[in-house]
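Pasted below: final.tsv, TSV, C-alpha atoms.
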```tsv
chain	number	residue	atom	x	y	z
A	27	MET	CA	249.01	86.26	275.05
A	28	GLU	CA	249.04	85.28	278.73
A	29	HIS	CA	249.31	81.72	279.96
A	30	ALA	CA	246.62	80.35	282.28
A	31	TYR	CA	247.83	78.35	285.27
A	32	ILE	CA	246.04	76.26	287.87
A	33	ILE	CA	247.66	77.17	291.18
A	34	ASP	CA	245.46	75.24	293.59
A	35	GLY	CA	242.22	73.28	293.89
A	36	ARG	CA	239.86	71.89	296.48
A	37	ARG	CA	236.82	69.63	296.42
A	38	SER	CA	234.38	68.45	299.03
A	39	TYR	CA	234.02	64.84	299.92
A	40	ILE	CA	231.19	63.66	297.69
A	41	GLY	CA	227.88	62.67	299.25
A	42	VAL	CA	225.09	60.47	297.94
A	43	GLU	CA	221.68	62.08	297.49
A	44	ASN	CA	219.82	62.35	300.82
A	45	GLY	CA	222.99	61.37	302.63
A	46	MET	CA	225.50	63.41	304.60
A	47	TYR	CA	224.64	66.73	302.91
A	48	LYS	CA	220.89	66.21	302.63
A	49	HIS	CA	220.03	69.46	304.44
A	50	LEU	CA	222.89	71.53	302.98
A	51	PRO	CA	221.90	73.95	300.19
A	52	ALA	CA	224.19	73.99	297.19
A	53	GLU	CA	225.36	77.55	297.84
A	54	VAL	CA	226.47	76.63	301.37
A	55	LEU	CA	228.28	73.53	300.13
A	56	ALA	CA	230.03	75.65	297.51
A	57	ALA	CA	230.85	78.36	300.03
A	58	GLU	CA	232.59	75.89	302.36
A	59	VAL	CA	234.89	74.78	299.55
A	60	LEU	CA	235.49	78.34	298.34
A	61	CYS	CA	236.53	79.37	301.85
A	62	ALA	CA	238.94	76.44	302.11
A	63	LEU	CA	240.48	77.20	298.71
A	64	VAL	CA	240.80	80.99	298.86
A	65	PRO	CA	242.33	82.59	301.99
A	66	GLU	CA	240.68	85.81	303.15
A	67	ASP	CA	243.64	87.97	302.13
A	68	VAL	CA	243.50	86.54	298.60
A	69	ARG	CA	239.76	86.98	298.06
A	70	GLN	CA	240.10	90.70	297.44
A	71	THR	CA	242.48	89.99	294.53
A	72	VAL	CA	240.05	87.61	292.77
A	73	ASP	CA	238.73	89.11	289.54
A	74	GLU	CA	235.67	86.87	289.31
A	75	VAL	CA	234.17	83.53	290.29
A	76	ILE	CA	232.63	81.17	287.72
A	77	VAL	CA	230.38	78.41	289.05
A	78	GLY	CA	229.09	75.46	287.05
A	79	ASN	CA	225.69	74.15	288.12
A	80	GLY	CA	223.14	71.77	286.62
A	81	VAL	CA	220.17	71.31	288.95
A	82	GLY	CA	220.14	74.40	291.15
A	83	ALA	CA	217.36	76.88	291.65
A	84	SER	CA	218.83	79.34	289.10
A	85	GLY	CA	218.94	82.95	290.27
A	86	ASN	CA	222.75	82.93	289.82
A	87	ILE	CA	223.81	80.43	292.45
A	88	GLY	CA	227.43	81.42	291.77
A	89	ARG	CA	226.88	84.90	293.15
A	90	LEU	CA	224.87	83.51	296.05
A	91	ALA	CA	227.68	81.09	296.92
A	92	THR	CA	230.41	83.75	296.90
A	93	LEU	CA	228.36	86.09	299.07
A	94	THR	CA	227.67	83.17	301.42
A	95	ALA	CA	231.44	82.61	301.56
A	96	HIS	CA	231.91	86.29	302.51
A	97	PHE	CA	233.87	87.21	299.41
A	98	PRO	CA	234.04	90.99	298.96
A	99	GLN	CA	230.89	92.30	297.30
A	100	ALA	CA	233.10	93.83	294.60
A	101	VAL	CA	234.03	90.33	293.33
A	102	PRO	CA	231.55	89.39	290.58
A	103	ALA	CA	230.33	85.82	290.17
A	104	TYR	CA	228.11	84.04	287.70
A	105	THR	CA	226.74	80.62	286.88
A	106	VAL	CA	227.36	78.36	283.87
A	107	ASP	CA	224.92	75.60	282.91
A	108	MET	CA	226.26	72.99	280.52
A	109	GLN	CA	224.81	70.27	282.74
A	110	CYS	CA	227.55	67.67	283.41
A	111	GLY	CA	230.07	69.77	281.47
A	112	SER	CA	229.47	72.93	283.50
A	113	GLY	CA	232.60	72.69	285.65
A	114	LEU	CA	234.95	72.15	282.70
A	115	GLU	CA	233.27	74.99	280.81
A	116	ALA	CA	233.78	77.27	283.83
A	117	LEU	CA	237.50	76.45	283.74
A	118	THR	CA	237.61	77.03	279.99
A	119	ILE	CA	236.04	80.48	280.34
A	120	ALA	CA	238.47	81.31	283.15
A	121	ALA	CA	241.46	80.31	281.03
A	122	ALA	CA	240.19	82.28	278.02
A	123	LYS	CA	239.71	85.44	280.08
A	124	ILE	CA	243.17	85.14	281.57
A	125	ARG	CA	244.85	84.44	278.23
A	126	SER	CA	243.16	87.48	276.71
A	127	GLY	CA	244.32	89.73	279.54
A	128	GLN	CA	240.86	90.39	280.97
A	129	ALA	CA	241.73	88.90	284.36
A	130	ASP	CA	244.64	87.73	286.49
A	131	LEU	CA	242.96	85.51	289.08
A	132	ILE	CA	239.70	83.59	288.66
A	133	VAL	CA	238.05	80.93	290.80
A	134	ALA	CA	236.32	78.35	288.61
A	135	GLY	CA	234.59	75.03	289.17
A	136	GLY	CA	231.12	74.01	290.18
A	137	VAL	CA	228.61	72.64	292.64
A	138	ASP	CA	225.47	70.54	292.64
A	139	SER	CA	223.17	69.20	295.30
A	140	SER	CA	220.71	66.56	294.21
A	141	SER	CA	219.49	66.39	297.81
A	142	THR	CA	218.23	69.98	297.84
A	143	ALA	CA	217.47	70.47	294.14
A	144	PRO	CA	214.10	72.17	293.66
A	145	ARG	CA	211.10	70.53	292.06
A	146	ARG	CA	210.10	72.42	288.95
A	147	ALA	CA	206.75	72.85	287.25
A	148	TYR	CA	205.44	74.26	284.00
A	149	ASN	CA	203.71	77.60	283.96
A	150	ARG	CA	200.04	77.17	283.01
A	151	ASN	CA	200.70	79.15	279.81
A	152	HIS	CA	203.27	76.61	278.63
A	153	PRO	CA	202.08	74.25	275.87
A	154	ASP	CA	203.17	71.25	277.94
A	155	TYR	CA	201.32	72.32	281.11
A	156	GLU	CA	198.33	70.03	280.67
A	157	ARG	CA	200.32	67.37	278.91
A	158	TYR	CA	202.40	66.81	282.03
A	159	GLY	CA	199.70	66.92	284.63
A	160	GLY	CA	198.65	70.52	285.08
A	161	GLU	CA	199.23	71.70	288.63
A	162	GLU	CA	200.88	68.39	289.42
A	163	SER	CA	203.38	68.69	286.55
A	164	PHE	CA	206.47	68.73	288.73
A	165	TYR	CA	209.75	67.45	287.33
A	166	SER	CA	213.37	67.21	288.45
A	167	VAL	CA	215.07	66.32	285.17
A	168	ALA	CA	215.09	69.02	282.51
A	169	LYS	CA	214.30	68.46	278.84
A	170	PHE	CA	217.67	67.95	277.12
A	171	ALA	CA	216.42	67.70	273.53
A	172	PRO	CA	213.15	68.35	271.66
A	173	GLY	CA	210.44	65.89	272.56
A	174	GLU	CA	208.89	64.53	275.72
A	175	HIS	CA	210.34	64.86	279.17
A	176	ASP	CA	212.08	61.65	280.13
A	177	PRO	CA	213.78	61.36	283.53
A	178	TYR	CA	215.66	58.37	282.14
A	179	ALA	CA	216.92	60.14	279.02
A	180	MET	CA	220.60	59.88	279.94
A	181	ILE	CA	220.27	56.25	281.01
A	182	ARG	CA	218.45	55.40	277.77
A	183	GLY	CA	221.24	57.09	275.83
A	184	ALA	CA	223.92	55.04	277.56
A	185	GLU	CA	221.91	51.84	277.11
A	186	ARG	CA	221.50	52.69	273.42
A	187	VAL	CA	225.25	53.13	272.98
A	188	ALA	CA	226.01	49.89	274.84
A	189	LEU	CA	223.64	47.92	272.64
A	190	ASP	CA	224.76	49.59	269.41
A	191	VAL	CA	228.40	48.58	269.93
A	192	GLN	CA	227.53	45.24	271.58
A	193	MET	CA	228.83	45.81	275.08
A	194	THR	CA	228.05	43.22	277.73
A	195	ARG	CA	227.28	43.65	281.41
A	196	GLN	CA	230.41	41.62	282.17
A	197	GLU	CA	232.56	44.12	280.26
A	198	LEU	CA	231.00	46.99	282.19
A	199	ASN	CA	231.29	45.21	285.53
A	200	LYS	CA	235.08	45.07	285.27
A	201	TRP	CA	235.14	48.88	285.08
A	202	VAL	CA	232.96	49.20	288.15
A	203	LEU	CA	235.30	46.91	290.09
A	204	ARG	CA	238.34	48.80	288.81
A	205	SER	CA	236.91	52.18	289.75
A	206	HIS	CA	236.08	51.20	293.32
A	207	SER	CA	239.39	49.37	293.78
A	208	LEU	CA	241.48	52.30	292.58
A	209	ALA	CA	239.43	54.80	294.60
A	210	LYS	CA	239.89	52.69	297.72
A	211	GLN	CA	243.65	52.49	297.11
A	212	ALA	CA	243.84	56.25	296.61
A	213	ARG	CA	241.86	56.86	299.79
A	214	GLU	CA	244.05	54.53	301.84
A	215	ALA	CA	247.23	56.11	300.45
A	216	GLY	CA	245.88	59.60	301.10
A	217	VAL	CA	246.96	60.87	297.69
A	218	LEU	CA	244.00	63.26	297.36
A	219	GLU	CA	243.91	64.42	300.98
A	220	PRO	CA	245.57	67.83	300.34
A	221	TYR	CA	242.69	68.71	298.02
A	222	LEU	CA	239.75	67.49	300.14
A	223	VAL	CA	237.51	69.63	302.33
A	224	GLY	CA	235.66	68.09	305.27
A	225	VAL	CA	232.40	69.97	304.90
A	226	GLN	CA	230.17	69.36	307.93
A	227	GLY	CA	232.75	67.00	309.36
A	228	ALA	CA	232.75	64.64	306.37
A	229	THR	CA	235.80	62.38	306.29
A	230	ALA	CA	235.21	60.16	303.25
A	231	ASP	CA	233.55	60.03	299.85
A	232	ALA	CA	230.28	58.24	300.50
A	233	GLY	CA	230.14	56.19	297.31
A	234	ILE	CA	233.36	54.18	297.54
A	235	ARG	CA	232.56	50.56	298.34
A	236	ASP	CA	235.23	48.60	300.20
A	237	ARG	CA	233.54	45.36	299.27
A	238	ILE	CA	232.01	44.92	295.86
A	239	SER	CA	232.02	41.81	293.73
A	240	GLU	CA	231.15	40.76	290.23
A	241	ARG	CA	228.62	38.35	291.69
A	242	PHE	CA	226.85	41.25	293.41
A	243	LEU	CA	226.89	43.32	290.21
A	244	ASP	CA	225.50	40.42	288.18
A	245	LYS	CA	222.46	40.23	290.46
A	246	LEU	CA	221.42	43.86	290.04
A	247	PRO	CA	218.26	44.36	287.95
A	248	PRO	CA	218.21	46.63	284.88
A	249	LEU	CA	217.42	50.28	285.55
A	250	LEU	CA	215.04	50.52	282.61
A	251	PRO	CA	211.84	48.47	282.38
A	252	ASP	CA	212.88	47.36	278.91
A	253	GLY	CA	216.64	47.49	279.61
A	254	ALA	CA	219.33	44.86	279.74
A	255	ILE	CA	222.70	46.55	280.29
A	256	LEU	CA	222.44	49.56	282.59
A	257	THR	CA	222.13	48.87	286.34
A	258	ALA	CA	222.60	50.80	289.57
A	259	GLY	CA	226.09	49.29	289.70
A	260	ASN	CA	227.45	50.44	286.35
A	261	THR	CA	225.67	53.80	286.46
A	262	CYS	CA	226.29	56.77	288.74
A	263	LEU	CA	223.72	57.48	291.41
A	264	MET	CA	222.77	61.08	292.29
A	265	HIS	CA	225.19	63.11	294.39
A	266	ASP	CA	226.10	66.30	296.23
A	267	GLY	CA	229.49	67.97	295.96
A	268	ALA	CA	231.56	71.01	295.07
A	269	ALA	CA	234.97	71.54	293.46
A	270	PHE	CA	236.87	74.72	292.63
A	271	LEU	CA	240.28	75.70	291.28
A	272	LEU	CA	242.30	78.90	291.25
A	273	VAL	CA	243.33	79.92	287.75
A	274	ALA	CA	245.96	82.65	287.43
A	275	SER	CA	247.95	84.55	284.83
A	276	GLU	CA	251.69	84.23	284.46
A	277	ARG	CA	251.98	87.78	285.77
A	278	TYR	CA	250.07	86.91	288.95
A	279	VAL	CA	252.08	83.70	289.45
A	280	GLU	CA	255.39	85.55	289.16
A	281	GLU	CA	254.34	88.49	291.34
A	282	HIS	CA	253.25	86.15	294.15
A	283	ASN	CA	256.07	83.63	293.70
A	284	LEU	CA	253.67	80.72	293.17
A	285	THR	CA	254.31	77.23	291.79
A	286	PRO	CA	251.50	76.15	289.45
A	287	LEU	CA	250.02	72.68	289.52
A	288	ALA	CA	249.38	72.79	285.78
A	289	GLU	CA	248.82	75.01	282.79
A	290	ILE	CA	245.50	74.98	280.93
A	291	VAL	CA	246.83	74.63	277.40
A	292	ASP	CA	243.69	74.27	275.27
A	293	SER	CA	240.14	73.00	275.20
A	294	VAL	CA	237.37	71.95	272.82
A	295	THR	CA	233.61	71.63	272.95
A	296	VAL	CA	231.83	69.30	270.52
A	297	GLY	CA	228.26	68.49	269.67
A	298	GLY	CA	227.00	64.97	269.10
A	299	ASN	CA	223.85	62.89	269.03
A	300	PRO	CA	221.74	63.90	272.07
A	301	ASP	CA	220.34	60.38	272.15
A	302	LYS	CA	223.87	58.94	272.55
A	303	SER	CA	225.57	61.48	274.78
A	304	PRO	CA	228.30	59.16	276.21
A	305	GLU	CA	229.92	59.08	272.78
A	306	THR	CA	230.84	62.76	273.07
A	307	VAL	CA	233.60	61.97	275.59
A	308	ILE	CA	235.55	60.26	272.82
A	309	LEU	CA	234.54	62.82	270.19
A	310	ALA	CA	235.92	65.59	272.40
A	311	ILE	CA	239.22	63.78	273.02
A	312	GLN	CA	239.63	63.11	269.31
A	313	ARG	CA	238.95	66.77	268.46
A	314	LEU	CA	241.33	68.01	271.16
A	315	LEU	CA	244.20	65.79	270.04
A	316	ALA	CA	243.68	66.76	266.40
A	317	LYS	CA	243.51	70.46	267.27
A	318	THR	CA	246.67	70.45	269.37
A	319	GLY	CA	248.67	68.04	267.23
A	320	HIS	CA	249.18	65.59	270.07
A	321	THR	CA	248.92	61.83	269.91
A	322	VAL	CA	247.67	59.44	272.58
A	323	GLU	CA	251.29	58.58	273.35
A	324	ASP	CA	251.90	62.22	274.35
A	325	ILE	CA	249.29	62.13	277.11
A	326	ALA	CA	250.45	60.94	280.54
A	327	VAL	CA	247.08	61.20	282.27
A	328	PHE	CA	243.50	60.75	281.07
A	329	GLU	CA	240.59	61.70	283.35
A	330	CYS	CA	237.10	61.02	282.01
A	331	ASN	CA	233.92	61.45	283.99
A	332	GLU	CA	232.57	57.91	284.14
A	333	ALA	CA	228.91	58.69	284.68
A	334	PHE	CA	228.39	55.29	283.08
A	335	ALA	CA	230.76	52.34	282.74
A	336	VAL	CA	229.80	52.58	279.08
A	337	ILE	CA	232.15	55.57	278.88
A	338	ASP	CA	235.04	53.50	280.25
A	339	GLU	CA	234.48	50.79	277.70
A	340	LEU	CA	234.24	53.35	274.88
A	341	PHE	CA	237.60	54.77	275.98
A	342	ALA	CA	239.22	51.34	276.16
A	343	ARG	CA	238.03	50.44	272.69
A	344	ALA	CA	239.22	53.76	271.24
A	345	TYR	CA	242.56	53.87	273.10
A	346	PRO	CA	243.44	50.40	274.41
A	347	GLU	CA	247.09	51.40	274.76
A	348	ALA	CA	246.19	54.15	277.24
A	349	VAL	CA	244.04	52.25	279.76
A	350	ASP	CA	246.86	52.24	282.32
A	351	ARG	CA	246.86	56.06	282.18
A	352	TYR	CA	243.09	56.34	282.58
A	353	ASN	CA	241.29	57.44	285.78
A	354	ARG	CA	244.28	56.49	287.90
A	355	TYR	CA	242.50	57.09	291.21
A	356	GLY	CA	239.18	55.60	290.14
A	357	GLY	CA	236.28	57.58	288.73
A	358	ALA	CA	232.75	58.75	289.25
A	359	LEU	CA	231.34	55.21	289.51
A	360	ALA	CA	233.08	55.13	292.88
A	361	TYR	CA	233.31	58.78	293.93
A	362	GLY	CA	230.05	60.06	292.50
A	363	HIS	CA	228.92	62.58	289.91
A	364	PRO	CA	227.58	65.87	291.34
A	365	TYR	CA	226.90	67.24	287.85
A	366	GLY	CA	228.20	70.82	287.90
A	367	ALA	CA	231.14	69.91	290.13
A	368	SER	CA	232.40	66.93	288.15
A	369	GLY	CA	234.56	68.92	285.73
A	370	GLY	CA	236.37	70.44	288.69
A	371	ILE	CA	236.71	67.06	290.39
A	372	ILE	CA	238.37	65.33	287.44
A	373	THR	CA	240.65	68.32	286.87
A	374	ILE	CA	241.83	68.23	290.49
A	375	HIS	CA	242.45	64.49	290.16
A	376	ALA	CA	244.36	65.07	286.92
A	377	CYS	CA	246.55	67.73	288.54
A	378	ARG	CA	247.39	65.29	291.33
A	379	ALA	CA	248.20	62.52	288.86
A	380	LEU	CA	250.51	64.87	286.94
A	381	GLN	CA	252.60	65.23	290.09
A	382	GLU	CA	253.32	61.51	289.86
A	383	THR	CA	253.67	61.41	286.08
A	384	PRO	CA	254.61	64.83	284.67
A	385	GLY	CA	253.52	65.62	281.15
A	386	TYR	CA	250.17	66.33	279.55
A	387	ALA	CA	246.73	65.42	280.85
A	388	VAL	CA	243.36	65.29	279.12
A	389	CYS	CA	240.12	65.77	281.06
A	390	SER	CA	236.93	64.90	279.20
A	391	ILE	CA	233.25	64.82	280.05
A	392	ALA	CA	229.94	64.10	278.31
A	393	ALA	CA	226.99	66.36	279.02
A	394	ALA	CA	223.25	65.98	278.61
A	395	GLY	CA	221.97	67.00	275.21
A	396	GLY	CA	224.90	65.50	273.35
A	397	ILE	CA	227.74	67.88	274.25
A	398	GLY	CA	231.31	66.81	274.92
A	399	HIS	CA	234.07	68.88	276.46
A	400	ALA	CA	237.79	68.22	276.80
A	401	LEU	CA	240.60	70.16	278.45
A	402	LEU	CA	244.35	69.79	277.86
A	403	LEU	CA	246.65	70.39	280.84
A	404	ARG	CA	250.44	70.47	281.13
A	405	ALA	CA	252.16	69.70	284.42
A	406	GLY	CA	253.65	72.72	286.18
A	407	GLY	CA	253.87	74.83	283.09
A	408	MET	CA	256.38	77.50	284.07
```
Same coordinates, now as C-alpha cells:
Amino acid sequence: MEHAYIIDGRRSYIGVENGMYKHLPAEVLAAEVLCALVPEDVRQTVDEVIVGNGVGASGNIGRLATLTAHFPQAVPAYTVDMQCGSGLEALTIAAAKIRSGQADLIVAGGVDSSSTAPRRAYNRNHPDYERYGGEESFYSVAKFAPGEHDPYAMIRGAERVALDVQMTRQELNKWVLRSHSLAKQAREAGVLEPYLVGVQGATADAGIRDRISERFLDKLPPLLPDGAILTAGNTCLMHDGAAFLLVASERYVEEHNLTPLAEIVDSVTVGGNPDKSPETVILAIQRLLAKTGHTVEDIAVFECNEAFAVIDELFARAYPEAVDRYNRYGGALAYGHPYGASGGIITIHACRALQETPGYAVCSIAAAGGIGHALLLRAGGM
C-alpha cells in the first residue's frame, strides 16, 4: 500500500464577511490559491482536485474553481460537503485514493465565501414552503438535523455544551485572549508567511485583534436572546477564505525528488449528538488515538478548529497535559473560520508546527449535524 504525503500547502489570508473579499466569488478565491500552490508545469500531472465547501451555490464549485484557475480540462475536480469538516474530508479522500494506488498527485482542501454565499429558498412543492414564508422563504443556514430551520443552531449547540459542563464566560475569555495573542505573535514572527497567498493584495488575516482585553470581552452581550455564555468574542464570525494542499504518493515524491512536509497516517470520522456538535472534536480525537494505538504523550502538535472557545475548554478538560501543544499559532477565534477551508487551514498550520517540533500531529474539527473528523500526521514521513 502506498504512503500519502503532503508536499506543500497554501492558504489565503482570511477575510471577514463583507470585508476585503466581499465581491470575490468563492471559485475565484479558490482559483487564486490553487494557482499559487500548483505551478503550471505541475498542473498537468495532477490526477484530481477535491474541494470542500459548505455554503456555495452547488453545481460542483470544485470543478468551476479549477477551470477558473486554468487547470487542464482533463483534470477532474469535485466538491465535498461535510460543512465545517469538508476540508479535512477532502484530504482524507485524497490520502485514501493515493494509498490504494488510484492516484499519485491530488490537490485537496476547500473554500468558502460567506460574503457571496447565495440566498436559498424552498421550492413551492416542498412541505416547508408555506411554513417558512412562501415566496419570501429565503435562508442562508441549511437544516443540519430534522426539525425547524434555526440559523442559530450551531450557537445553541455550543451554548448547550457550555451550560451542561458548567463553563463560565471567564474560562472562555482566556481562550479568546490566548488565540489572538498567539496569532499576533505568529504574524509578527512570519512563521506562516511561506504558506500565505495575498489574494487581491491582502497582507493580513482580517480577524486578528492587536488589542483585545478581558474587560472588553466581559462587556459583550450574549448572542442568543435567552443565552448567557456565547458572545461575538468567544464565537467565530463569518468568513471568506481558501486553503489547499498537495498530496502525493511515495512514487511521485521519489520520482520528483521532493521533501514532504508530513505524511497523512490515518483518519477517523465520528457521529455525535447534532444538538451538541462541539463535543465531536474530542470524540474524534479519542477515536483516532484508540484506533492508532497512540497516547496523548505521543502527539507533538494538536490543531483543533476553535469555532467556539467552548471547543478549547473541552480540549483542556480532556487533555490538560497537552494545552502547551494545542493551536500553537492561535486558532479560528483569531484567524476566522471559512467553513470548507478550515480543515485545510489547520492542516497547514499543523505542518508548520511539525517543522518546529517533529513528531505526530492531530488535526480535529467539529461539523454541523454532529460530525467530528480527525487526521493523524507524521512530520516528514520519508
Checklist line | Sel. within 9 Å of pt (252.7, 65.7, 278.6), counting all atoms listed in the file, output as a PyMOL selection string | finding: chain A and resi 323-327+380+383-387+403-405
Next item on the list: Find the residue from A:Leu63, A:Ala120, A:Val223, A:Val81 that sits nearest to Ser139 of chain A; use all atoms listed in the file when measuring.
Entry: A:Val81
Item checked: Distance criterion (all atoms listed in the file): nearest to Leu309 of chain A out of A:Ser239, A:Gln226, A:Gln192, A:Ser390 -> A:Ser390
Next item on the list: Determine, counting only C-alpha atoms, which protein, DNA and RNA residues have an atom within 9 Å of an atom of Leu203 of chain A; residues of the same chain fewer than 6 positions away are not included. Present the result as number ranges by chain.
Entry: A: 238-240, 360
Checklist line | Who sits within 9 Å of Arg195 of chain A, all atoms listed in the file, same chain under 4 positions skipped, as a list in words | finding: Asn199, Lys200, Leu243, Asp244, Ala254, Ile255, Leu256, Thr257 and Asn260 of chain A
Keeping C-alpha atoms for every residue in the selection just given, could you write it to a file as a PDB file, in the frame of the given file?
```pdb
ATOM      1  CA  ASN A 199     231.290  45.210 285.530  1.00  0.00           C
ATOM      2  CA  LYS A 200     235.080  45.070 285.270  1.00  0.00           C
ATOM      3  CA  LEU A 243     226.890  43.320 290.210  1.00  0.00           C
ATOM      4  CA  ASP A 244     225.500  40.420 288.180  1.00  0.00           C
ATOM      5  CA  ALA A 254     219.330  44.860 279.740  1.00  0.00           C
ATOM      6  CA  ILE A 255     222.700  46.550 280.290  1.00  0.00           C
ATOM      7  CA  LEU A 256     222.440  49.560 282.590  1.00  0.00           C
ATOM      8  CA  THR A 257     222.130  48.870 286.340  1.00  0.00           C
ATOM      9  CA  ASN A 260     227.450  50.440 286.350  1.00  0.00           C
TER      10      ASN A 260
END
```
Notebook entry, point to check: Between A:Ser275, A:Ser141, A:Ser303, A:Asn149, which one has atoms that come closest to Ile337 of chain A, using only C-alpha atoms?
Noted result: A:Ser303
Expected answer as a PDB file with C-alpha atoms, in the frame of the given file: all residues with atoms within 10 Å of (213.1, 74.2, 288.9), all atoms listed in the file:
```pdb
ATOM      1  CA  VAL A  81     220.170  71.310 288.950  1.00  0.00           C
ATOM      2  CA  GLY A  82     220.140  74.400 291.150  1.00  0.00           C
ATOM      3  CA  ALA A  83     217.360  76.880 291.650  1.00  0.00           C
ATOM      4  CA  SER A  84     218.830  79.340 289.100  1.00  0.00           C
ATOM      5  CA  ALA A 143     217.470  70.470 294.140  1.00  0.00           C
ATOM      6  CA  PRO A 144     214.100  72.170 293.660  1.00  0.00           C
ATOM      7  CA  ARG A 145     211.100  70.530 292.060  1.00  0.00           C
ATOM      8  CA  ARG A 146     210.100  72.420 288.950  1.00  0.00           C
ATOM      9  CA  ALA A 147     206.750  72.850 287.250  1.00  0.00           C
ATOM     10  CA  TYR A 148     205.440  74.260 284.000  1.00  0.00           C
ATOM     11  CA  PHE A 164     206.470  68.730 288.730  1.00  0.00           C
ATOM     12  CA  TYR A 165     209.750  67.450 287.330  1.00  0.00           C
ATOM     13  CA  SER A 166     213.370  67.210 288.450  1.00  0.00           C
ATOM     14  CA  VAL A 167     215.070  66.320 285.170  1.00  0.00           C
ATOM     15  CA  ALA A 168     215.090  69.020 282.510  1.00  0.00           C
TER      16      ALA A 168
END
```
Check: Could you name the residues that touch segment 285-302 of chain A at 8 Å or less, counting all atoms listed in the file, but leaving out those on the same chain fewer than 2 positions away, as a PyMOL selection string?
Finding: chain A and resi 29-34+118+121+170-171+179-180+182-184+186-187+279+283+304-306+309-310+313-314+318+377+381+394-408
Just-selected residues, C-alpha atoms written as a PDB file, in the coordinates of the input:
```pdb
ATOM      1  CA  HIS A  29     249.310  81.720 279.960  1.00  0.00           C
ATOM      2  CA  ALA A  30     246.620  80.350 282.280  1.00  0.00           C
ATOM      3  CA  TYR A  31     247.830  78.350 285.270  1.00  0.00           C
ATOM      4  CA  ILE A  32     246.040  76.260 287.870  1.00  0.00           C
ATOM      5  CA  ILE A  33     247.660  77.170 291.180  1.00  0.00           C
ATOM      6  CA  ASP A  34     245.460  75.240 293.590  1.00  0.00           C
ATOM      7  CA  THR A 118     237.610  77.030 279.990  1.00  0.00           C
ATOM      8  CA  ALA A 121     241.460  80.310 281.030  1.00  0.00           C
ATOM      9  CA  PHE A 170     217.670  67.950 277.120  1.00  0.00           C
ATOM     10  CA  ALA A 171     216.420  67.700 273.530  1.00  0.00           C
ATOM     11  CA  ALA A 179     216.920  60.140 279.020  1.00  0.00           C
ATOM     12  CA  MET A 180     220.600  59.880 279.940  1.00  0.00           C
ATOM     13  CA  ARG A 182     218.450  55.400 277.770  1.00  0.00           C
ATOM     14  CA  GLY A 183     221.240  57.090 275.830  1.00  0.00           C
ATOM     15  CA  ALA A 184     223.920  55.040 277.560  1.00  0.00           C
ATOM     16  CA  ARG A 186     221.500  52.690 273.420  1.00  0.00           C
ATOM     17  CA  VAL A 187     225.250  53.130 272.980  1.00  0.00           C
ATOM     18  CA  VAL A 279     252.080  83.700 289.450  1.00  0.00           C
ATOM     19  CA  ASN A 283     256.070  83.630 293.700  1.00  0.00           C
ATOM     20  CA  PRO A 304     228.300  59.160 276.210  1.00  0.00           C
ATOM     21  CA  GLU A 305     229.920  59.080 272.780  1.00  0.00           C
ATOM     22  CA  THR A 306     230.840  62.760 273.070  1.00  0.00           C
ATOM     23  CA  LEU A 309     234.540  62.820 270.190  1.00  0.00           C
ATOM     24  CA  ALA A 310     235.920  65.590 272.400  1.00  0.00           C
ATOM     25  CA  ARG A 313     238.950  66.770 268.460  1.00  0.00           C
ATOM     26  CA  LEU A 314     241.330  68.010 271.160  1.00  0.00           C
ATOM     27  CA  THR A 318     246.670  70.450 269.370  1.00  0.00           C
ATOM     28  CA  CYS A 377     246.550  67.730 288.540  1.00  0.00           C
ATOM     29  CA  GLN A 381     252.600  65.230 290.090  1.00  0.00           C
ATOM     30  CA  ALA A 394     223.250  65.980 278.610  1.00  0.00           C
ATOM     31  CA  GLY A 395     221.970  67.000 275.210  1.00  0.00           C
ATOM     32  CA  GLY A 396     224.900  65.500 273.350  1.00  0.00           C
ATOM     33  CA  ILE A 397     227.740  67.880 274.250  1.00  0.00           C
ATOM     34  CA  GLY A 398     231.310  66.810 274.920  1.00  0.00           C
ATOM     35  CA  HIS A 399     234.070  68.880 276.460  1.00  0.00           C
ATOM     36  CA  ALA A 400     237.790  68.220 276.800  1.00  0.00           C
ATOM     37  CA  LEU A 401     240.600  70.160 278.450  1.00  0.00           C
ATOM     38  CA  LEU A 402     244.350  69.790 277.860  1.00  0.00           C
ATOM     39  CA  LEU A 403     246.650  70.390 280.840  1.00  0.00           C
ATOM     40  CA  ARG A 404     250.440  70.470 281.130  1.00  0.00           C
ATOM     41  CA  ALA A 405     252.160  69.700 284.420  1.00  0.00           C
ATOM     42  CA  GLY A 406     253.650  72.720 286.180  1.00  0.00           C
ATOM     43  CA  GLY A 407     253.870  74.830 283.090  1.00  0.00           C
ATOM     44  CA  MET A 408     256.380  77.500 284.070  1.00  0.00           C
TER      45      MET A 408
END
```
